[in-house]
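Below is the file upload-v9.txt, which contains compact mmCIF, C-alpha atoms.
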# COMPACT_ATOMS: atom_id res chain seq x y z
CA MET A 1 -127.94 -104.66 121.34
CA LEU A 2 -131.25 -102.97 122.05
CA ASN A 3 -133.12 -105.73 120.18
CA VAL A 4 -131.58 -108.31 122.50
CA ILE A 5 -132.31 -106.32 125.68
CA TRP A 6 -135.89 -105.72 124.61
CA LEU A 7 -136.48 -109.38 123.79
CA LEU A 8 -134.84 -110.50 127.04
CA LEU A 9 -136.97 -108.20 129.20
CA LEU A 10 -140.13 -109.41 127.51
CA THR A 11 -139.41 -113.16 127.36
CA ALA A 12 -137.90 -113.35 130.85
CA GLY A 13 -141.00 -111.61 132.19
CA ILE A 14 -143.45 -113.91 130.41
CA VAL A 15 -141.58 -117.14 131.22
CA ILE A 16 -141.26 -116.26 134.90
CA ALA A 17 -144.89 -115.20 135.15
CA ALA A 18 -145.86 -118.56 133.61
CA VAL A 19 -143.64 -120.53 136.00
CA ASN A 20 -145.03 -118.64 138.98
CA GLY A 21 -148.55 -119.30 137.76
CA ASN A 22 -149.56 -115.66 137.48
CA ILE A 23 -149.59 -115.26 133.72
CA GLU A 24 -152.50 -112.82 133.94
CA VAL A 25 -150.19 -110.03 135.18
CA VAL A 26 -148.44 -110.04 131.79
CA THR A 27 -151.52 -108.95 129.87
CA GLU A 28 -152.36 -106.35 132.46
CA ALA A 29 -148.81 -104.95 132.56
CA ALA A 30 -148.44 -104.86 128.76
CA LEU A 31 -151.75 -103.13 128.12
CA GLY A 32 -151.25 -100.73 131.01
CA ALA A 33 -147.78 -99.77 129.79
CA ALA A 34 -148.98 -99.22 126.23
CA GLN A 35 -151.62 -96.81 127.47
CA GLY A 36 -149.11 -95.27 129.86
CA ALA A 37 -146.76 -94.48 126.96
CA VAL A 38 -149.48 -92.54 125.18
CA LYS A 39 -150.27 -90.68 128.38
CA VAL A 40 -146.61 -89.73 128.89
CA CYS A 41 -146.41 -88.39 125.33
CA PHE A 42 -149.65 -86.46 125.62
CA ASP A 43 -148.46 -84.89 128.85
CA LEU A 44 -145.29 -83.99 127.02
CA ILE A 45 -147.11 -82.13 124.22
CA GLY A 46 -147.87 -79.06 126.33
CA VAL A 47 -144.41 -78.83 127.83
CA MET A 48 -142.86 -79.33 124.41
CA ALA A 49 -145.05 -76.61 122.90
CA LEU A 50 -144.04 -74.18 125.64
CA TRP A 51 -140.29 -74.73 125.43
CA LEU A 52 -139.99 -75.14 121.68
CA GLY A 53 -142.04 -71.96 121.31
CA ILE A 54 -139.69 -70.03 123.59
CA MET A 55 -136.70 -71.57 121.85
CA LYS A 56 -137.99 -70.46 118.46
CA ILE A 57 -138.05 -66.86 119.70
CA ALA A 58 -134.51 -67.24 121.05
CA GLU A 59 -133.42 -68.77 117.77
CA GLN A 60 -134.90 -66.05 115.56
CA GLY A 61 -133.47 -63.35 117.82
CA GLY A 62 -130.02 -64.88 117.35
CA LEU A 63 -129.69 -65.77 121.03
CA ILE A 64 -128.94 -69.44 120.42
CA ALA A 65 -126.26 -68.63 117.88
CA SER A 66 -124.54 -66.22 120.30
CA LEU A 67 -124.74 -68.83 123.03
CA ALA A 68 -123.17 -71.39 120.70
CA LYS A 69 -120.38 -68.95 119.92
CA LEU A 70 -119.72 -68.38 123.62
CA VAL A 71 -119.14 -72.04 124.47
CA ARG A 72 -117.48 -72.86 121.18
CA PRO A 73 -113.95 -73.67 122.51
CA VAL A 74 -115.29 -76.45 124.74
CA MET A 75 -117.98 -77.72 122.43
CA VAL A 76 -115.81 -78.26 119.35
CA ARG A 77 -113.65 -80.61 121.45
CA ILE A 78 -116.59 -82.63 122.76
CA PHE A 79 -118.43 -82.64 119.42
CA PRO A 80 -115.77 -82.56 116.71
CA SER A 81 -118.23 -83.64 114.00
CA ILE A 82 -120.57 -80.65 114.47
CA PRO A 83 -119.54 -77.42 112.72
CA ALA A 84 -118.59 -74.79 115.33
CA GLU A 85 -121.33 -72.32 114.41
CA HIS A 86 -124.08 -74.88 113.99
CA PRO A 87 -127.36 -74.25 115.90
CA ALA A 88 -127.13 -77.80 117.32
CA MET A 89 -124.41 -76.49 119.65
CA GLY A 90 -126.75 -73.87 121.14
CA ALA A 91 -129.50 -76.42 121.70
CA ILE A 92 -127.06 -78.87 123.33
CA ILE A 93 -125.87 -76.21 125.75
CA LEU A 94 -129.43 -75.28 126.68
CA ASN A 95 -130.27 -78.94 127.31
CA ILE A 96 -127.21 -79.53 129.49
CA SER A 97 -127.84 -76.33 131.49
CA ALA A 98 -131.48 -77.28 132.07
CA ASN A 99 -130.38 -80.74 133.19
CA MET A 100 -127.86 -79.32 135.62
CA LEU A 101 -130.43 -76.99 137.14
CA GLY A 102 -132.77 -79.94 137.56
CA LEU A 103 -135.34 -78.51 135.14
CA GLY A 104 -136.17 -81.94 133.70
CA ASN A 105 -139.25 -80.83 131.80
CA ALA A 106 -137.40 -78.04 130.01
CA ALA A 107 -134.39 -80.27 129.32
CA THR A 108 -136.33 -82.85 127.30
CA PRO A 109 -137.72 -80.47 124.62
CA MET A 110 -134.33 -78.76 124.31
CA GLY A 111 -132.63 -82.11 123.96
CA MET A 112 -135.04 -83.09 121.21
CA LYS A 113 -134.35 -79.82 119.43
CA ALA A 114 -130.64 -80.63 119.61
CA MET A 115 -131.35 -84.09 118.20
CA GLN A 116 -133.32 -82.58 115.30
CA GLU A 117 -130.42 -80.28 114.47
CA MET A 118 -128.00 -83.21 114.62
CA GLN A 119 -130.32 -85.30 112.47
CA LEU A 120 -130.05 -82.64 109.75
CA LEU A 121 -126.27 -83.14 109.82
CA ASN A 122 -126.87 -86.90 109.82
CA LYS A 123 -128.82 -86.47 106.55
CA GLY A 124 -131.93 -88.17 107.88
CA SER A 125 -130.25 -91.53 108.40
CA GLU A 126 -131.88 -94.17 110.63
CA GLU A 127 -128.54 -94.81 112.30
CA ALA A 128 -127.29 -92.68 115.19
CA SER A 129 -124.43 -90.31 114.34
CA GLU A 130 -121.27 -89.97 116.45
CA ALA A 131 -122.40 -86.60 117.79
CA MET A 132 -125.75 -88.08 118.87
CA CYS A 133 -124.06 -90.91 120.76
CA THR A 134 -121.79 -88.41 122.55
CA PHE A 135 -124.78 -86.22 123.36
CA LEU A 136 -126.68 -89.14 124.86
CA ALA A 137 -123.63 -90.25 126.85
CA LEU A 138 -123.44 -86.73 128.27
CA ASN A 139 -127.15 -86.70 128.93
CA THR A 140 -127.58 -90.03 130.71
CA SER A 141 -124.76 -89.15 133.10
CA CYS A 142 -125.50 -85.47 133.53
CA ILE A 143 -124.88 -83.70 136.82
CA THR A 144 -127.87 -82.27 138.64
CA LEU A 145 -126.83 -79.52 140.99
CA LEU A 146 -130.11 -79.72 142.82
CA PRO A 147 -131.81 -83.14 142.79
CA ALA A 148 -135.01 -81.42 143.93
CA THR A 149 -137.33 -84.43 143.68
CA ILE A 150 -135.35 -86.69 145.95
CA ILE A 151 -134.69 -83.88 148.44
CA GLY A 152 -138.44 -83.38 148.57
CA VAL A 153 -139.00 -87.09 149.23
CA ARG A 154 -136.38 -87.08 152.00
CA LEU A 155 -138.00 -84.03 153.56
CA SER A 156 -141.43 -85.64 153.50
CA PHE A 157 -140.12 -88.64 155.42
CA GLY A 158 -138.67 -86.35 158.09
CA SER A 159 -134.97 -86.43 157.25
CA ALA A 160 -132.78 -84.47 159.67
CA ASN A 161 -130.58 -83.31 156.81
CA PRO A 162 -132.32 -83.72 153.45
CA THR A 163 -129.55 -82.08 151.40
CA GLU A 164 -126.63 -84.13 152.72
CA ILE A 165 -126.91 -86.35 149.65
CA VAL A 166 -126.14 -83.53 147.17
CA GLY A 167 -122.35 -83.83 147.50
CA PRO A 168 -122.31 -87.63 147.15
CA CYS A 169 -124.67 -87.34 144.13
CA ILE A 170 -122.32 -84.91 142.42
CA PHE A 171 -119.35 -87.19 143.13
CA ALA A 172 -121.14 -90.27 141.77
CA THR A 173 -122.44 -88.50 138.67
CA CYS A 174 -119.05 -86.98 137.87
CA THR A 175 -117.48 -90.43 138.04
CA ALA A 176 -120.20 -91.84 135.78
CA MET A 177 -119.77 -88.93 133.36
CA VAL A 178 -116.00 -89.34 133.07
CA ILE A 179 -116.38 -93.06 132.37
CA ALA A 180 -119.22 -92.53 129.87
CA MET A 181 -117.35 -89.83 127.96
CA SER A 182 -114.14 -91.89 127.85
CA LEU A 183 -116.00 -94.95 126.63
CA ASP A 184 -117.78 -92.85 124.00
CA TRP A 185 -114.45 -91.46 122.84
CA TRP A 186 -113.03 -94.99 122.63
CA PHE A 187 -116.03 -96.28 120.62
CA ARG A 188 -115.72 -93.33 118.26
CA LYS A 189 -112.06 -94.07 117.62
CA LYS A 190 -112.81 -97.76 117.19
CA SER A 191 -115.53 -97.18 114.61
CA ARG A 192 -113.21 -94.83 112.70
CA TRP A 193 -110.71 -97.67 112.43
CA GLY A 194 -113.39 -99.55 110.54
CA VAL A 195 -114.52 -101.94 113.26
CA LYS A 196 -118.28 -102.03 113.66
CA GLY A 197 -119.21 -100.34 116.97
CA MET B 1 -128.37 -71.53 153.26
CA LEU B 2 -127.09 -73.42 150.26
CA LEU B 3 -130.43 -75.13 150.00
CA SER B 4 -132.39 -71.88 149.96
CA ALA B 5 -130.00 -70.44 147.38
CA LEU B 6 -130.42 -73.48 145.17
CA THR B 7 -134.20 -73.65 145.53
CA GLY B 8 -134.23 -69.92 144.80
CA ILE B 9 -132.43 -70.60 141.54
CA SER B 10 -134.78 -73.36 140.52
CA GLN B 11 -137.84 -71.27 141.38
CA TRP B 12 -136.67 -68.25 139.45
CA THR B 13 -135.13 -69.81 136.36
CA ILE B 14 -138.32 -70.55 134.47
CA PRO B 15 -140.11 -67.25 135.14
CA LEU B 16 -136.95 -65.36 134.22
CA LEU B 17 -136.54 -67.32 130.98
CA LEU B 18 -140.18 -66.68 130.10
CA LEU B 19 -139.64 -62.96 130.71
CA LEU B 20 -136.22 -62.38 129.21
CA VAL B 21 -136.34 -64.45 126.04
CA PRO B 22 -139.50 -62.85 124.59
CA LEU B 23 -138.27 -59.36 125.65
CA TYR B 24 -134.94 -59.99 123.96
CA GLY B 25 -136.70 -61.29 120.84
CA PHE B 26 -138.95 -58.24 120.75
CA CYS B 27 -135.91 -55.93 120.90
CA LYS B 28 -134.40 -57.88 118.01
CA LYS B 29 -137.64 -57.29 116.05
CA VAL B 30 -138.73 -60.91 116.13
CA PRO B 31 -142.51 -61.32 115.70
CA VAL B 32 -142.58 -62.94 119.15
CA TYR B 33 -146.05 -64.43 119.19
CA GLU B 34 -145.81 -65.82 115.67
CA ALA B 35 -142.39 -67.29 116.42
CA PHE B 36 -143.72 -68.88 119.60
CA VAL B 37 -146.62 -70.50 117.76
CA ALA B 38 -144.35 -71.76 114.99
CA GLY B 39 -142.07 -73.37 117.57
CA ALA B 40 -144.93 -74.75 119.63
CA GLU B 41 -146.34 -76.45 116.55
CA GLU B 42 -143.20 -78.60 116.31
CA GLY B 43 -143.80 -79.68 119.90
CA PHE B 44 -146.95 -81.53 118.97
CA SER B 45 -145.52 -83.54 116.10
CA THR B 46 -142.37 -84.44 118.05
CA ALA B 47 -144.32 -85.65 121.07
CA VAL B 48 -146.58 -87.81 118.90
CA LYS B 49 -143.61 -89.26 117.04
CA ILE B 50 -142.10 -90.82 120.17
CA ILE B 51 -145.25 -92.78 121.12
CA PRO B 52 -144.29 -96.04 119.30
CA PHE B 53 -140.76 -96.01 120.72
CA LEU B 54 -141.92 -95.28 124.24
CA ALA B 55 -144.76 -97.83 124.05
CA GLY B 56 -142.34 -100.57 122.93
CA MET B 57 -139.93 -99.83 125.72
CA MET B 58 -142.49 -99.35 128.48
CA ILE B 59 -144.31 -102.60 127.61
CA ALA B 60 -141.14 -104.70 127.90
CA ILE B 61 -140.05 -103.00 131.15
CA SER B 62 -143.49 -103.24 132.69
CA VAL B 63 -143.85 -106.99 131.91
CA PHE B 64 -140.34 -107.59 133.26
CA ARG B 65 -141.15 -105.85 136.51
CA ALA B 66 -144.72 -107.02 137.10
CA SER B 67 -143.92 -110.70 136.46
CA GLY B 68 -141.39 -110.77 139.27
CA ALA B 69 -138.50 -111.36 136.87
CA MET B 70 -136.77 -108.32 138.28
CA ASP B 71 -136.84 -109.74 141.81
CA TYR B 72 -135.26 -112.96 140.53
CA LEU B 73 -132.50 -111.01 138.84
CA ALA B 74 -131.88 -109.16 142.11
CA LEU B 75 -131.75 -112.49 143.95
CA LEU B 76 -129.29 -113.78 141.38
CA LEU B 77 -127.00 -110.77 141.65
CA ASP B 78 -127.17 -110.50 145.43
CA PRO B 79 -124.16 -112.74 146.34
CA LEU B 80 -122.05 -110.72 143.92
CA THR B 81 -123.08 -107.24 145.07
CA ALA B 82 -123.05 -108.17 148.77
CA ARG B 83 -119.30 -108.51 148.46
CA ILE B 84 -118.91 -104.87 147.45
CA GLY B 85 -121.05 -103.60 150.29
CA ALA B 86 -124.46 -103.28 148.64
CA PRO B 87 -127.42 -104.17 150.88
CA SER B 88 -129.82 -106.63 149.18
CA GLU B 89 -132.70 -104.19 149.68
CA ILE B 90 -131.12 -101.74 147.28
CA LEU B 91 -130.63 -104.10 144.33
CA PRO B 92 -134.08 -103.85 142.71
CA LEU B 93 -133.57 -100.08 142.68
CA ALA B 94 -130.19 -100.42 141.01
CA ILE B 95 -131.68 -102.68 138.33
CA MET B 96 -134.60 -100.32 137.71
CA ARG B 97 -132.43 -97.17 137.60
CA PRO B 98 -131.76 -97.24 133.82
CA LEU B 99 -135.24 -98.55 133.00
CA SER B 100 -137.85 -96.35 134.66
CA GLY B 101 -137.61 -92.95 136.34
CA SER B 102 -140.97 -93.02 138.05
CA GLY B 103 -140.46 -96.65 139.06
CA VAL B 104 -137.19 -95.84 140.79
CA LEU B 105 -138.63 -92.83 142.59
CA GLY B 106 -141.42 -95.00 143.96
CA MET B 107 -138.95 -97.64 145.11
CA ALA B 108 -136.66 -95.06 146.74
CA ALA B 109 -139.63 -93.56 148.60
CA GLU B 110 -140.71 -97.02 149.75
CA LEU B 111 -137.22 -97.79 151.10
CA MET B 112 -137.19 -94.49 152.98
CA ARG B 113 -140.61 -95.19 154.42
CA ILE B 114 -139.45 -98.59 155.74
CA TYR B 115 -135.89 -97.80 156.84
CA GLY B 116 -136.02 -94.02 157.33
CA PRO B 117 -134.37 -91.36 155.13
CA ASP B 118 -131.32 -91.09 157.39
CA SER B 119 -130.55 -94.82 157.52
CA PHE B 120 -127.75 -96.18 155.36
CA ILE B 121 -130.26 -97.70 152.94
CA GLY B 122 -132.27 -94.48 152.81
CA ARG B 123 -129.21 -92.39 152.05
CA LEU B 124 -127.88 -94.83 149.48
CA ALA B 125 -131.28 -94.94 147.78
CA SER B 126 -131.34 -91.12 147.67
CA VAL B 127 -127.87 -90.87 146.17
CA MET B 128 -128.66 -93.52 143.55
CA GLN B 129 -131.89 -91.74 142.64
CA GLY B 130 -130.04 -88.43 142.24
CA THR B 131 -127.24 -89.96 140.18
CA THR B 132 -127.39 -90.56 136.41
CA ASP B 133 -130.53 -90.36 134.32
CA THR B 134 -132.99 -93.00 133.14
CA THR B 135 -130.91 -94.28 130.23
CA PHE B 136 -133.68 -96.09 128.37
CA PHE B 137 -136.06 -93.16 128.63
CA VAL B 138 -133.43 -90.77 127.30
CA LEU B 139 -132.50 -93.17 124.50
CA THR B 140 -136.06 -93.91 123.36
CA VAL B 141 -137.31 -90.36 123.61
CA TYR B 142 -134.33 -88.63 122.01
CA PHE B 143 -133.66 -91.15 119.27
CA GLY B 144 -137.38 -91.71 118.75
CA SER B 145 -138.05 -88.02 118.21
CA VAL B 146 -135.88 -88.02 115.08
CA GLY B 147 -136.69 -91.55 113.92
CA ILE B 148 -133.31 -93.13 114.69
CA LYS B 149 -133.71 -96.91 114.92
CA LYS B 150 -130.09 -98.03 115.19
CA TYR B 151 -128.63 -96.80 118.49
CA ARG B 152 -125.13 -98.20 117.87
CA TYR B 153 -122.88 -98.00 120.94
CA ALA B 154 -125.07 -95.47 122.78
CA VAL B 155 -126.78 -98.29 124.69
CA VAL B 156 -123.49 -99.70 126.01
CA THR B 157 -122.21 -96.24 126.94
CA GLY B 158 -125.43 -95.35 128.76
CA LEU B 159 -125.56 -98.62 130.69
CA THR B 160 -121.88 -98.34 131.61
CA ALA B 161 -122.64 -94.88 133.00
CA ASP B 162 -125.42 -96.40 135.11
CA ILE B 163 -123.21 -99.20 136.46
CA THR B 164 -120.45 -96.67 137.21
CA GLY B 165 -122.99 -94.42 138.92
CA PHE B 166 -124.18 -97.34 141.06
CA LEU B 167 -120.63 -98.34 142.05
CA ALA B 168 -119.63 -94.74 142.76
CA SER B 169 -122.77 -94.17 144.89
CA LEU B 170 -121.99 -97.33 146.82
CA TYR B 171 -118.39 -96.31 147.35
CA ILE B 172 -119.12 -92.78 148.52
CA CYS B 173 -122.00 -93.84 150.80
CA ASN B 174 -119.92 -96.59 152.41
CA LEU B 175 -117.21 -94.01 152.94
CA LEU B 176 -119.37 -91.23 154.38
CA PHE B 177 -122.43 -92.82 155.94
CA ARG B 178 -121.32 -96.20 157.33
With the file now loaded, output its structure as structure tokens.
Amino acid sequence: MLNVIWLLLLTAGIVIAAVNGNIEVVTEAALGAAQGAVKVCFDLIGVMALWLGIMKIAEQGGLIASLAKLVRPVMVRIFPSIPAEHPAMGAIILNISANMLGLGNAATPMGMKAMQEMQLLNKGSEEASEAMCTFLALNTSCITLLPATIIGVRLSFGSANPTEIVGPCIFATCTAMVIAMSLDWWFRKKSRWGVKG
Amino acid sequence: MLLSALTGISQWTIPLLLLLVPLYGFCKKVPVYEAFVAGAEEGFSTAVKIIPFLAGMMIAISVFRASGAMDYLALLLDPLTARIGAPSEILPLAIMRPLSGSGVLGMAAELMRIYGPDSFIGRLASVMQGTTDTTFFVLTVYFGSVGIKKYRYAVVTGLTADITGFLASLYICNLLFR
């Protein structure tokens, strides 16, 4: 699936640039994006260091385990393949909370920590586990209680009511989340029946 | 009122976390500084590990967008989406939503500059920007950080969430702001 999407994006771009006679933008865009990727990752190093450092303290103090215990009744239903007391549960909860509060730069490191924990359960496989797919479904459709960035943009263009979009955002995201979680559940069942997902 | 409460929360969360977690750890006899450094060290290796995944994805997306292929796709989809009440101006944003977070923010800002933040297009653009996450960024970064190469059905689920988010934004905006 991803191989096809990737190839389509690339070939469609190059063919259309060629037809339009501006093939030179392809080289520029490709090289720029490659450098951009490195820049994004380097910017991420500091943020990652900060949050993974704080999380390590929380982990060694037993805070993440207690958090995991607290939300256990809900989490075991959403992630049936993760053992109830597993540290992955704590990391998942932290990631979701950070996402909901709109703390994007804290959410990413916590999400990666959750992925690392789930990868231990996945025994280092190169194929995504069920729990990972559910986690990503939850993540791509996660509710943000305060979409701060877009409110800021609206404010800067002189909106009379910059926050009026919060309610509609929550409605739209909830709908997306319900659909994503149902689809994920359906895929999980399907792959258990032996059909390749 | 609600806004100030919510901005209050987002301003205080990080400082409070930075205060309370180390204090709690110290009470639990965790060597706080050493633990922090040990955790921070993982940050470096994880960030470096996602470079190839992110580079691959960003190159394809960037070529697709810069070549004008995205505008053609929007043109192609326009007759279809016009029927469900989507203005043509919004389509490029809908297509970019799963691909690039910063790209979408730029496009939303541009639409608000042209049409005004309180126009239908401006409001719809805002709602779409605030709904769902950048699926391909989340996929590449999270899977990349642990070396997962086969994403299985996660791609379909993520994209379905984006399409649902787009349709739901359209529905609610047509209902409230038309």
Atomic separation - CA of Gly167 in chain A relative to CA of Leu77 in chain B, Å
28.0 Å
Neighbouring residues of range 74-87 of chain A were defined as those with any atom within 12 Å, considering all atoms listed in the file; residues of the same chain fewer than 5 positions away were excluded. Please report them as a PDB file with C-alpha atoms, keeping the file's coordinate frame.
ATOM      1  CA  MET A  55    -136.700 -71.570 121.850  1.00  0.00           C
ATOM      2  CA  LYS A  56    -137.990 -70.460 118.460  1.00  0.00           C
ATOM      3  CA  ALA A  58    -134.510 -67.240 121.050  1.00  0.00           C
ATOM      4  CA  GLU A  59    -133.420 -68.770 117.770  1.00  0.00           C
ATOM      5  CA  GLN A  60    -134.900 -66.050 115.560  1.00  0.00           C
ATOM      6  CA  GLY A  62    -130.020 -64.880 117.350  1.00  0.00           C
ATOM      7  CA  LEU A  63    -129.690 -65.770 121.030  1.00  0.00           C
ATOM      8  CA  ILE A  64    -128.940 -69.440 120.420  1.00  0.00           C
ATOM      9  CA  ALA A  65    -126.260 -68.630 117.880  1.00  0.00           C
ATOM     10  CA  SER A  66    -124.540 -66.220 120.300  1.00  0.00           C
ATOM     11  CA  LEU A  67    -124.740 -68.830 123.030  1.00  0.00           C
ATOM     12  CA  ALA A  68    -123.170 -71.390 120.700  1.00  0.00           C
ATOM     13  CA  LYS A  69    -120.380 -68.950 119.920  1.00  0.00           C
ATOM     14  CA  ILE A  92    -127.060 -78.870 123.330  1.00  0.00           C
ATOM     15  CA  ILE A  93    -125.870 -76.210 125.750  1.00  0.00           C
ATOM     16  CA  LEU A  94    -129.430 -75.280 126.680  1.00  0.00           C
ATOM     17  CA  ILE A  96    -127.210 -79.530 129.490  1.00  0.00           C
ATOM     18  CA  MET A 110    -134.330 -78.760 124.310  1.00  0.00           C
ATOM     19  CA  LYS A 113    -134.350 -79.820 119.430  1.00  0.00           C
ATOM     20  CA  ALA A 114    -130.640 -80.630 119.610  1.00  0.00           C
ATOM     21  CA  MET A 115    -131.350 -84.090 118.200  1.00  0.00           C
ATOM     22  CA  GLN A 116    -133.320 -82.580 115.300  1.00  0.00           C
ATOM     23  CA  GLU A 117    -130.420 -80.280 114.470  1.00  0.00           C
ATOM     24  CA  MET A 118    -128.000 -83.210 114.620  1.00  0.00           C
ATOM     25  CA  GLN A 119    -130.320 -85.300 112.470  1.00  0.00           C
ATOM     26  CA  LEU A 120    -130.050 -82.640 109.750  1.00  0.00           C
ATOM     27  CA  LEU A 121    -126.270 -83.140 109.820  1.00  0.00           C
ATOM     28  CA  ASN A 122    -126.870 -86.900 109.820  1.00  0.00           C
ATOM     29  CA  SER A 129    -124.430 -90.310 114.340  1.00  0.00           C
ATOM     30  CA  GLU A 130    -121.270 -89.970 116.450  1.00  0.00           C
ATOM     31  CA  ALA A 131    -122.400 -86.600 117.790  1.00  0.00           C
ATOM     32  CA  MET A 132    -125.750 -88.080 118.870  1.00  0.00           C
ATOM     33  CA  CYS A 133    -124.060 -90.910 120.760  1.00  0.00           C
ATOM     34  CA  THR A 134    -121.790 -88.410 122.550  1.00  0.00           C
ATOM     35  CA  PHE A 135    -124.780 -86.220 123.360  1.00  0.00           C
ATOM     36  CA  LEU A 136    -126.680 -89.140 124.860  1.00  0.00           C
ATOM     37  CA  ALA A 137    -123.630 -90.250 126.850  1.00  0.00           C
ATOM     38  CA  LEU A 138    -123.440 -86.730 128.270  1.00  0.00           C
ATOM     39  CA  MET A 181    -117.350 -89.830 127.960  1.00  0.00           C
ATOM     40  CA  SER A 182    -114.140 -91.890 127.850  1.00  0.00           C
ATOM     41  CA  ASP A 184    -117.780 -92.850 124.000  1.00  0.00           C
ATOM     42  CA  TRP A 185    -114.450 -91.460 122.840  1.00  0.00           C
ATOM     43  CA  ARG A 188    -115.720 -93.330 118.260  1.00  0.00           C
TER      44      ARG A 188
END
Please check which residues have atoms at most 12 Å from (-123.3, -85.9, 149.9) in the file's coordinates, counting all atoms listed in the file, and write them as a PyMOL selection string.
(chain A and resi 145-147+151+161-173) or (chain B and resi 123-124+126-128+130-131+168-177)
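Interatomic distance, CA of Ile45 in chain A against CA of Gly43 in chain B: 6.0 Å.
In this comparison, which uses all atoms listed in the file, the residue of B:Leu16, B:Ala86, B:Val141, B:Ala94 approaching Gly56 in chain B most closely is B:Val141.
Distance annotation: of B:Thr46, B:Thr132, B:Thr164, B:Ser102, the residue with the minimal separation from Gly102 in chain A is B:Thr132; atom set is only C-alpha atoms.
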